[in-house]
Amino acid sequence: MALEAGCYLASAFVQTRNSITLFRPARAQAAVLWLSALLPYLIFSLSAGTFHRNAFYLLVGLTAIFSFWHVVLPRRPAYDFGFLVIAATPFITRVFSRIYLSPDRHLRADILGHLMWIRVGIVALLVFREWNPGSFGLWPKAREWRSGALYYCAAVIPLVALALATHDLRWAPLAGEWWRVSGMAVATFFGCLWVTALAEELFFRGVIARALLDHLPSQVLAVVLSALVFGAAHLWFRAFPDWRSAVVAALLGIFCGFAYARTGSVRVSMVTHTLVVTTWRLFFRS
């Protein structure tokens with residue numbers, strides 16, 4: 001687990017991310033990325049006694065496609081769209097729960113698959129495809145914290161009203177000692193900031209919204225369309241079709257979209273996204 005977590009964190013830094021370019025040619029870089037996706041799984045599954053050949057073969061195929069996609073294929077919108085579809089597929093199908101088997105039913109091993117998939121996507125997109133999503137990284141600057149918090153303040157009341165009106169959530173504040181609740185809040189915040197928000201904001205805002213902003217004459221139209229895509233991706237959040245989550249996510253996508261479009265920073269929309277999710281987890285239940 002430590003190896004995968006270390007590789008994941010390294011992918012968020014420009015210097016370590018670009019160190020893969022020391023290998024030549026480009027296909028060798030993709031091969032190194034591919035092997036880095038497989039090695040943590042092998043170490044974990046063999047040491048935990050959960051290795052299965054069929055699961056490994058599936059992982060080999062998925063990671064090979066993801067790692068080599070932008071190295072083998074030309075830079076065209078159709079192939080960029082295909083890459084995004086591949087990026088979303090394991091999360092929609094929940095395939096990692098069938099590959100990363102846990103030795104303990106109380107331990108979710110599939111999170112290792114999620115971390116691996118996100119970091120491979122980051123490197124493939126930002127290094128091999130050389131996509132420029134704007135400001136991106138683990139830690140927002142002071143002005144990005146402020147901007148993200150301001151968009152959160154604008155978003156939280158409409159989001160709560162919509163979620164309650166559609167019965168997507170109900171009021172149920174987290175109970176317990178103050179130190180336990182505080183610890184949960186901190187863990188939720190940084191877990192979301194560095195995993196969920198980082199991945200979703202990079203791909204939905206830094207890629208999809210960025211492409212729409214670059215090619216459409218209207219910023220509003222670009223933000224709304226990217227938000228609809230973001231909402232549609234949440235149809236699989238619970239049992240498909242989860243329209244309630246999709247509608248709420250689409251509204252969140254509008255606020256995060258404007259946060260990104262008006263600042264050019266993925267980190268700003270990450271802050272907004274994270275504050276909303278933390279509020280959800282602390283004060284509401286599905």
# chains A, B, ... in the order shown; residues from 1 in each chain; ligands from 1
call {"tool": "residues_around", "arguments": {"residues": "stretch 24-32 of chain A", "least_positions_apart": "5", "cutoff": "10 Å", "atoms": "only C-alpha atoms", "output": "PyMOL selection string"}}
result
chain A and resi 19+37+64-72+120+123-124+127-128
call {"tool": "closest_atom_pairs", "arguments": {"of": "stretch 109-199 of chain A", "to": "stretch 252-268 of chain A", "cutoff": "6 Å", "atoms": "only C-alpha atoms", "output": "JSON lines"}}
result
{"residue": "A:Gly134", "atom": "CA", "partner": "A:Ser265", "partner_atom": "CA", "distance": 5.3}
{"residue": "A:Ser135", "atom": "CA", "partner": "A:Ser265", "partner_atom": "CA", "distance": 4.4}
{"residue": "A:Phe136", "atom": "CA", "partner": "A:Val266", "partner_atom": "CA", "distance": 5.4}
{"residue": "A:Pro140", "atom": "CA", "partner": "A:Arg267", "partner_atom": "CA", "distance": 5.5}
{"residue": "A:Glu144", "atom": "CA", "partner": "A:Val268", "partner_atom": "CA", "distance": 5.0}
{"residue": "A:Gly148", "atom": "CA", "partner": "A:Val268", "partner_atom": "CA", "distance": 4.6}
call {"tool": "write_last_selection", "arguments": {"atoms": "N, CA, C and O atoms", "output": "PDB file, in the first residue's frame"}}
result
ATOM      1  N   GLY A 134      -4.005  23.913 -16.938  1.00  0.00           N
ATOM      2  CA  GLY A 134      -3.904  25.073 -16.056  1.00  0.00           C
ATOM      3  C   GLY A 134      -3.190  24.682 -14.777  1.00  0.00           C
ATOM      4  O   GLY A 134      -2.505  23.659 -14.719  1.00  0.00           O
ATOM      5  N   SER A 135      -3.338  25.489 -13.751  1.00  0.00           N
ATOM      6  CA  SER A 135      -2.667  25.222 -12.474  1.00  0.00           C
ATOM      7  C   SER A 135      -3.193  23.932 -11.870  1.00  0.00           C
ATOM      8  O   SER A 135      -4.392  23.765 -11.671  1.00  0.00           O
ATOM      9  N   PHE A 136      -2.261  23.024 -11.553  1.00  0.00           N
ATOM     10  CA  PHE A 136      -2.656  21.707 -11.062  1.00  0.00           C
ATOM     11  C   PHE A 136      -1.623  21.213 -10.062  1.00  0.00           C
ATOM     12  O   PHE A 136      -0.419  21.424 -10.239  1.00  0.00           O
ATOM     13  N   PRO A 140      -3.079  23.915  -3.065  1.00  0.00           N
ATOM     14  CA  PRO A 140      -3.446  25.219  -3.631  1.00  0.00           C
ATOM     15  C   PRO A 140      -2.666  26.366  -2.993  1.00  0.00           C
ATOM     16  O   PRO A 140      -2.246  26.288  -1.841  1.00  0.00           O
ATOM     17  N   GLU A 144      -5.806  30.662  -4.242  1.00  0.00           N
ATOM     18  CA  GLU A 144      -6.658  29.582  -4.732  1.00  0.00           C
ATOM     19  C   GLU A 144      -7.541  29.032  -3.616  1.00  0.00           C
ATOM     20  O   GLU A 144      -8.699  28.674  -3.858  1.00  0.00           O
ATOM     21  N   GLY A 148     -11.519  29.270  -4.062  1.00  0.00           N
ATOM     22  CA  GLY A 148     -12.288  28.036  -3.926  1.00  0.00           C
ATOM     23  C   GLY A 148     -13.312  28.129  -2.818  1.00  0.00           C
ATOM     24  O   GLY A 148     -14.444  27.637  -2.953  1.00  0.00           O
TER      25      GLY A 148
END
call {"tool": "residues_around", "arguments": {"residues": "stretch 46-51 of chain A", "least_positions_apart": "6", "cutoff": "7 Å", "atoms": "only C-alpha atoms", "output": "ChimeraX atom specification"}}
result
/A:101-103
call {"tool": "write_last_selection", "arguments": {"atoms": "all heavy atoms", "output": "PDB file, in the first residue's frame"}}
result
ATOM      1  N   LEU A 101      -8.322  -7.948  -4.519  1.00  0.00           N
ATOM      2  CA  LEU A 101      -9.088  -8.681  -3.522  1.00  0.00           C
ATOM      3  C   LEU A 101      -8.463  -8.475  -2.145  1.00  0.00           C
ATOM      4  O   LEU A 101      -7.241  -8.541  -1.982  1.00  0.00           O
ATOM      5  CB  LEU A 101      -9.118 -10.160  -3.872  1.00  0.00           C
ATOM      6  CG  LEU A 101      -9.675 -10.496  -5.262  1.00  0.00           C
ATOM      7  CD1 LEU A 101      -9.608 -11.993  -5.510  1.00  0.00           C
ATOM      8  CD2 LEU A 101     -11.100  -9.982  -5.413  1.00  0.00           C
ATOM      9  N   SER A 102      -9.303  -8.237  -1.161  1.00  0.00           N
ATOM     10  CA  SER A 102      -8.813  -7.943   0.183  1.00  0.00           C
ATOM     11  C   SER A 102      -8.751  -9.206   1.039  1.00  0.00           C
ATOM     12  O   SER A 102      -9.658 -10.039   0.993  1.00  0.00           O
ATOM     13  CB  SER A 102      -9.729  -6.921   0.862  1.00  0.00           C
ATOM     14  OG  SER A 102      -9.313  -6.696   2.192  1.00  0.00           O
ATOM     15  N   PRO A 103      -7.690  -9.334   1.838  1.00  0.00           N
ATOM     16  CA  PRO A 103      -7.613 -10.469   2.760  1.00  0.00           C
ATOM     17  C   PRO A 103      -8.499 -10.284   3.988  1.00  0.00           C
ATOM     18  O   PRO A 103      -8.699 -11.218   4.761  1.00  0.00           O
ATOM     19  CB  PRO A 103      -6.134 -10.482   3.159  1.00  0.00           C
ATOM     20  CG  PRO A 103      -5.715  -9.056   3.063  1.00  0.00           C
ATOM     21  CD  PRO A 103      -6.488  -8.493   1.895  1.00  0.00           C
TER      22      PRO A 103
END
call {"tool": "select_by_dssp", "arguments": {"residues": "stretch 117-280 of chain A", "states": "helix (DSSP H, G or I)", "output": "VMD selection string"}}
result
chain A and resid 117 to 128 142 to 165 178 to 215 219 to 236 243 to 263 266 to 280
call {"tool": "closest_residue", "arguments": {"among": "A:Val156, A:Ala142, A:Val207, A:Ala250", "to": "A:Leu125", "atoms": "only C-alpha atoms"}}
result
A:Val207
call {"tool": "atom_distance", "arguments": {"atom1": "atom CA of A:Ala5", "atom2": "atom CA of A:Leu59"}}
result
18.1 Å
call {"tool": "residues_around", "arguments": {"residues": "A:Val160", "least_positions_apart": "3", "cutoff": "10 Å", "atoms": "only C-alpha atoms", "output": "PyMOL selection string"}}
result
chain A and resi 155-157+163-166+168-171+248+276+279-280+284
call {"tool": "write_last_selection", "arguments": {"atoms": "N, CA, C and O atoms", "output": "mmCIF file, in the first residue's frame"}}
result
data_model
loop_
_atom_site.group_PDB
_atom_site.id
_atom_site.type_symbol
_atom_site.label_atom_id
_atom_site.label_comp_id
_atom_site.auth_asym_id
_atom_site.auth_seq_id
_atom_site.Cartn_x
_atom_site.Cartn_y
_atom_site.Cartn_z
ATOM 1 N N ALA A 155 -22.063 28.067 -3.656
ATOM 2 C CA ALA A 155 -22.660 26.806 -4.091
ATOM 3 C C ALA A 155 -23.434 26.076 -3.014
ATOM 4 O O ALA A 155 -24.402 25.364 -3.315
ATOM 5 N N VAL A 156 -23.035 26.207 -1.749
ATOM 6 C CA VAL A 156 -23.510 25.285 -0.724
ATOM 7 C C VAL A 156 -25.017 25.366 -0.497
ATOM 8 O O VAL A 156 -25.691 24.327 -0.374
ATOM 9 N N ILE A 157 -25.595 26.554 -0.455
ATOM 10 C CA ILE A 157 -27.033 26.667 -0.200
ATOM 11 C C ILE A 157 -27.851 26.099 -1.359
ATOM 12 O O ILE A 157 -28.776 25.282 -1.138
ATOM 13 N N ALA A 163 -30.440 18.976 -3.080
ATOM 14 C CA ALA A 163 -30.268 17.614 -2.561
ATOM 15 C C ALA A 163 -31.410 17.223 -1.627
ATOM 16 O O ALA A 163 -31.893 16.086 -1.658
ATOM 17 N N LEU A 164 -31.846 18.155 -0.787
ATOM 18 C CA LEU A 164 -32.960 17.876 0.123
ATOM 19 C C LEU A 164 -34.274 17.774 -0.640
ATOM 20 O O LEU A 164 -35.120 16.909 -0.341
ATOM 21 N N ALA A 165 -34.451 18.645 -1.625
ATOM 22 C CA ALA A 165 -35.699 18.648 -2.393
ATOM 23 C C ALA A 165 -35.864 17.365 -3.208
ATOM 24 O O ALA A 165 -36.982 16.865 -3.380
ATOM 25 N N THR A 166 -34.766 16.830 -3.696
ATOM 26 C CA THR A 166 -34.827 15.595 -4.502
ATOM 27 C C THR A 166 -34.678 14.339 -3.645
ATOM 28 O O THR A 166 -34.663 13.226 -4.182
ATOM 29 N N ASP A 168 -32.111 13.314 -2.233
ATOM 30 C CA ASP A 168 -30.811 12.665 -2.434
ATOM 31 C C ASP A 168 -30.069 12.549 -1.112
ATOM 32 O O ASP A 168 -29.312 11.596 -0.911
ATOM 33 N N LEU A 169 -30.307 13.502 -0.199
ATOM 34 C CA LEU A 169 -29.671 13.500 1.111
ATOM 35 C C LEU A 169 -30.686 13.864 2.175
ATOM 36 O O LEU A 169 -31.735 14.441 1.879
ATOM 37 N N ARG A 170 -30.357 13.545 3.426
ATOM 38 C CA ARG A 170 -31.165 13.965 4.564
ATOM 39 C C ARG A 170 -30.238 14.504 5.647
ATOM 40 O O ARG A 170 -29.075 14.119 5.735
ATOM 41 N N TRP A 171 -30.763 15.392 6.440
ATOM 42 C CA TRP A 171 -29.985 16.015 7.517
ATOM 43 C C TRP A 171 -29.661 14.977 8.588
ATOM 44 O O TRP A 171 -30.548 14.389 9.189
ATOM 45 N N VAL A 248 -27.713 16.581 -8.740
ATOM 46 C CA VAL A 248 -26.946 17.345 -7.755
ATOM 47 C C VAL A 248 -25.501 17.529 -8.229
ATOM 48 O O VAL A 248 -24.928 18.617 -8.110
ATOM 49 N N VAL A 276 -17.486 21.035 -0.460
ATOM 50 C CA VAL A 276 -18.847 20.530 -0.616
ATOM 51 C C VAL A 276 -18.944 19.082 -0.123
ATOM 52 O O VAL A 276 -19.847 18.729 0.646
ATOM 53 N N THR A 279 -18.718 18.870 3.652
ATOM 54 C CA THR A 279 -19.996 19.283 4.246
ATOM 55 C C THR A 279 -21.008 18.144 4.178
ATOM 56 O O THR A 279 -21.716 17.860 5.153
ATOM 57 N N TRP A 280 -21.055 17.488 3.037
ATOM 58 C CA TRP A 280 -21.968 16.350 2.844
ATOM 59 C C TRP A 280 -21.709 15.273 3.899
ATOM 60 O O TRP A 280 -22.620 14.788 4.542
ATOM 61 N N PHE A 284 -24.784 15.296 6.467
ATOM 62 C CA PHE A 284 -25.888 14.662 5.735
ATOM 63 C C PHE A 284 -25.613 13.175 5.525
ATOM 64 O O PHE A 284 -24.479 12.715 5.634
#
call {"tool": "closest_residue", "arguments": {"among": "A:His234, A:Ile122, A:Ala175, A:Asp242", "to": "A:Phe91", "atoms": "only C-alpha atoms"}}
result
A:His234
call {"tool": "closest_residue", "arguments": {"among": "A:Ala87, A:Leu112, A:Leu162, A:Cys153", "to": "A:Ser45", "atoms": "only C-alpha atoms"}}
result
A:Leu112
call {"tool": "atom_distance", "arguments": {"atom1": "atom CA of A:Leu39", "atom2": "atom CA of A:Ile92"}}
result
24.0 Å
call {"tool": "residues_around", "arguments": {"residues": "A:Val229", "least_positions_apart": "5", "cutoff": "12 Å", "atoms": "only C-alpha atoms", "output": "ChimeraX atom specification"}}
result
/A:84-85,88,200,203-205,207-209,212,222-224,234-235,246-247,249-254,257
call {"tool": "write_last_selection", "arguments": {"atoms": "N, CA, C and O atoms", "output": "short mmCIF file (atom, residue, chain, number, x, y, z; two decimals), in the first residue's frame"}}
result
data_model
loop_
_atom_site.label_atom_id
_atom_site.label_comp_id
_atom_site.auth_asym_id
_atom_site.auth_seq_id
_atom_site.Cartn_x
_atom_site.Cartn_y
_atom_site.Cartn_z
N LEU A 84 -10.71 9.42 -22.36
CA LEU A 84 -11.57 9.76 -21.23
C LEU A 84 -12.58 8.65 -20.95
O LEU A 84 -12.90 8.38 -19.78
N VAL A 85 -13.09 8.03 -21.99
CA VAL A 85 -14.01 6.90 -21.80
C VAL A 85 -13.30 5.76 -21.08
O VAL A 85 -13.85 5.16 -20.13
N ALA A 88 -12.81 6.51 -17.40
CA ALA A 88 -14.01 6.42 -16.56
C ALA A 88 -14.51 5.00 -16.37
O ALA A 88 -15.15 4.68 -15.36
N GLU A 200 -11.21 14.06 -10.33
CA GLU A 200 -12.40 14.51 -11.04
C GLU A 200 -12.24 15.91 -11.60
O GLU A 200 -12.69 16.19 -12.72
N PHE A 203 -9.88 15.79 -14.76
CA PHE A 203 -10.46 15.22 -15.98
C PHE A 203 -11.72 15.97 -16.44
O PHE A 203 -11.90 16.18 -17.64
N PHE A 204 -12.58 16.38 -15.50
CA PHE A 204 -13.82 17.04 -15.92
C PHE A 204 -13.65 18.52 -16.18
O PHE A 204 -14.28 19.07 -17.08
N ARG A 205 -12.83 19.18 -15.39
CA ARG A 205 -12.60 20.60 -15.60
C ARG A 205 -11.33 20.83 -16.42
O ARG A 205 -11.34 21.56 -17.41
N VAL A 207 -9.71 18.92 -18.42
CA VAL A 207 -9.69 18.35 -19.77
C VAL A 207 -10.98 18.69 -20.51
O VAL A 207 -10.95 19.37 -21.54
N ILE A 208 -12.12 18.22 -20.01
CA ILE A 208 -13.37 18.39 -20.74
C ILE A 208 -13.77 19.86 -20.81
O ILE A 208 -14.04 20.40 -21.89
N ALA A 209 -13.82 20.53 -19.66
CA ALA A 209 -14.20 21.95 -19.67
C ALA A 209 -13.17 22.77 -20.44
O ALA A 209 -13.53 23.70 -21.18
N LEU A 212 -13.79 22.40 -24.14
CA LEU A 212 -15.00 23.14 -24.53
C LEU A 212 -14.77 24.65 -24.48
O LEU A 212 -15.23 25.38 -25.36
N ALA A 222 -19.95 26.29 -22.35
CA ALA A 222 -18.88 25.32 -22.09
C ALA A 222 -18.99 24.76 -20.67
O ALA A 222 -18.85 23.55 -20.45
N VAL A 223 -19.24 25.62 -19.71
CA VAL A 223 -19.35 25.19 -18.32
C VAL A 223 -20.58 24.29 -18.13
O VAL A 223 -20.50 23.24 -17.47
N VAL A 224 -21.69 24.68 -18.71
CA VAL A 224 -22.92 23.89 -18.55
C VAL A 224 -22.78 22.52 -19.19
O VAL A 224 -23.17 21.49 -18.60
N HIS A 234 -22.26 10.52 -12.77
CA HIS A 234 -22.74 10.12 -11.45
C HIS A 234 -24.04 9.31 -11.51
O HIS A 234 -24.62 8.99 -10.46
N LEU A 235 -24.49 8.99 -12.71
CA LEU A 235 -25.64 8.10 -12.82
C LEU A 235 -25.34 6.73 -12.23
O LEU A 235 -26.24 5.99 -11.85
N ALA A 246 -27.05 12.44 -9.99
CA ALA A 246 -26.62 13.05 -11.24
C ALA A 246 -27.03 14.52 -11.32
O ALA A 246 -26.25 15.37 -11.75
N VAL A 247 -28.26 14.82 -10.88
CA VAL A 247 -28.74 16.21 -10.92
C VAL A 247 -27.94 17.08 -9.95
O VAL A 247 -27.52 18.19 -10.30
N ALA A 249 -24.92 16.47 -8.79
CA ALA A 249 -23.54 16.55 -9.29
C ALA A 249 -23.44 17.54 -10.44
O ALA A 249 -22.43 18.26 -10.57
N ALA A 250 -24.46 17.60 -11.29
CA ALA A 250 -24.44 18.55 -12.40
C ALA A 250 -24.42 19.98 -11.89
O ALA A 250 -23.70 20.84 -12.42
N LEU A 251 -25.20 20.25 -10.84
CA LEU A 251 -25.18 21.60 -10.26
C LEU A 251 -23.82 21.91 -9.64
O LEU A 251 -23.29 23.01 -9.81
N LEU A 252 -23.24 20.92 -8.94
CA LEU A 252 -21.89 21.11 -8.41
C LEU A 252 -20.92 21.36 -9.56
O LEU A 252 -20.01 22.22 -9.45
N GLY A 253 -21.10 20.66 -10.67
CA GLY A 253 -20.23 20.85 -11.83
C GLY A 253 -20.31 22.25 -12.40
O GLY A 253 -19.30 22.77 -12.92
N ILE A 254 -21.46 22.89 -12.28
CA ILE A 254 -21.58 24.27 -12.76
C ILE A 254 -20.74 25.21 -11.90
O ILE A 254 -19.99 26.04 -12.42
N GLY A 257 -17.17 24.40 -12.42
CA GLY A 257 -16.80 24.82 -13.77
C GLY A 257 -16.50 26.30 -13.86
O GLY A 257 -15.52 26.71 -14.49
#
call {"tool": "residues_around", "arguments": {"residues": "A:Met184", "least_positions_apart": "3", "cutoff": "10 Å", "atoms": "only C-alpha atoms", "output": "list of chain:residue names"}}
result
A:Leu174, A:Trp178, A:Trp179, A:Arg180, A:Val181, A:Ala187, A:Thr188, A:Phe189, A:Thr278, A:Arg281, A:Leu282
call {"tool": "closest_residue", "arguments": {"among": "A:Val195, A:Arg129, A:Leu42, A:Arg146", "to": "A:His114", "atoms": "only C-alpha atoms"}}
result
A:Val195
call {"tool": "atom_distance", "arguments": {"atom1": "atom CA of A:Leu22", "atom2": "atom CA of A:Cys7"}}
result
16.9 Å
call {"tool": "closest_residue", "arguments": {"among": "A:Lys141, A:Leu73, A:Ala197, A:Arg119", "to": "A:Thr16", "atoms": "only C-alpha atoms"}}
result
A:Arg119
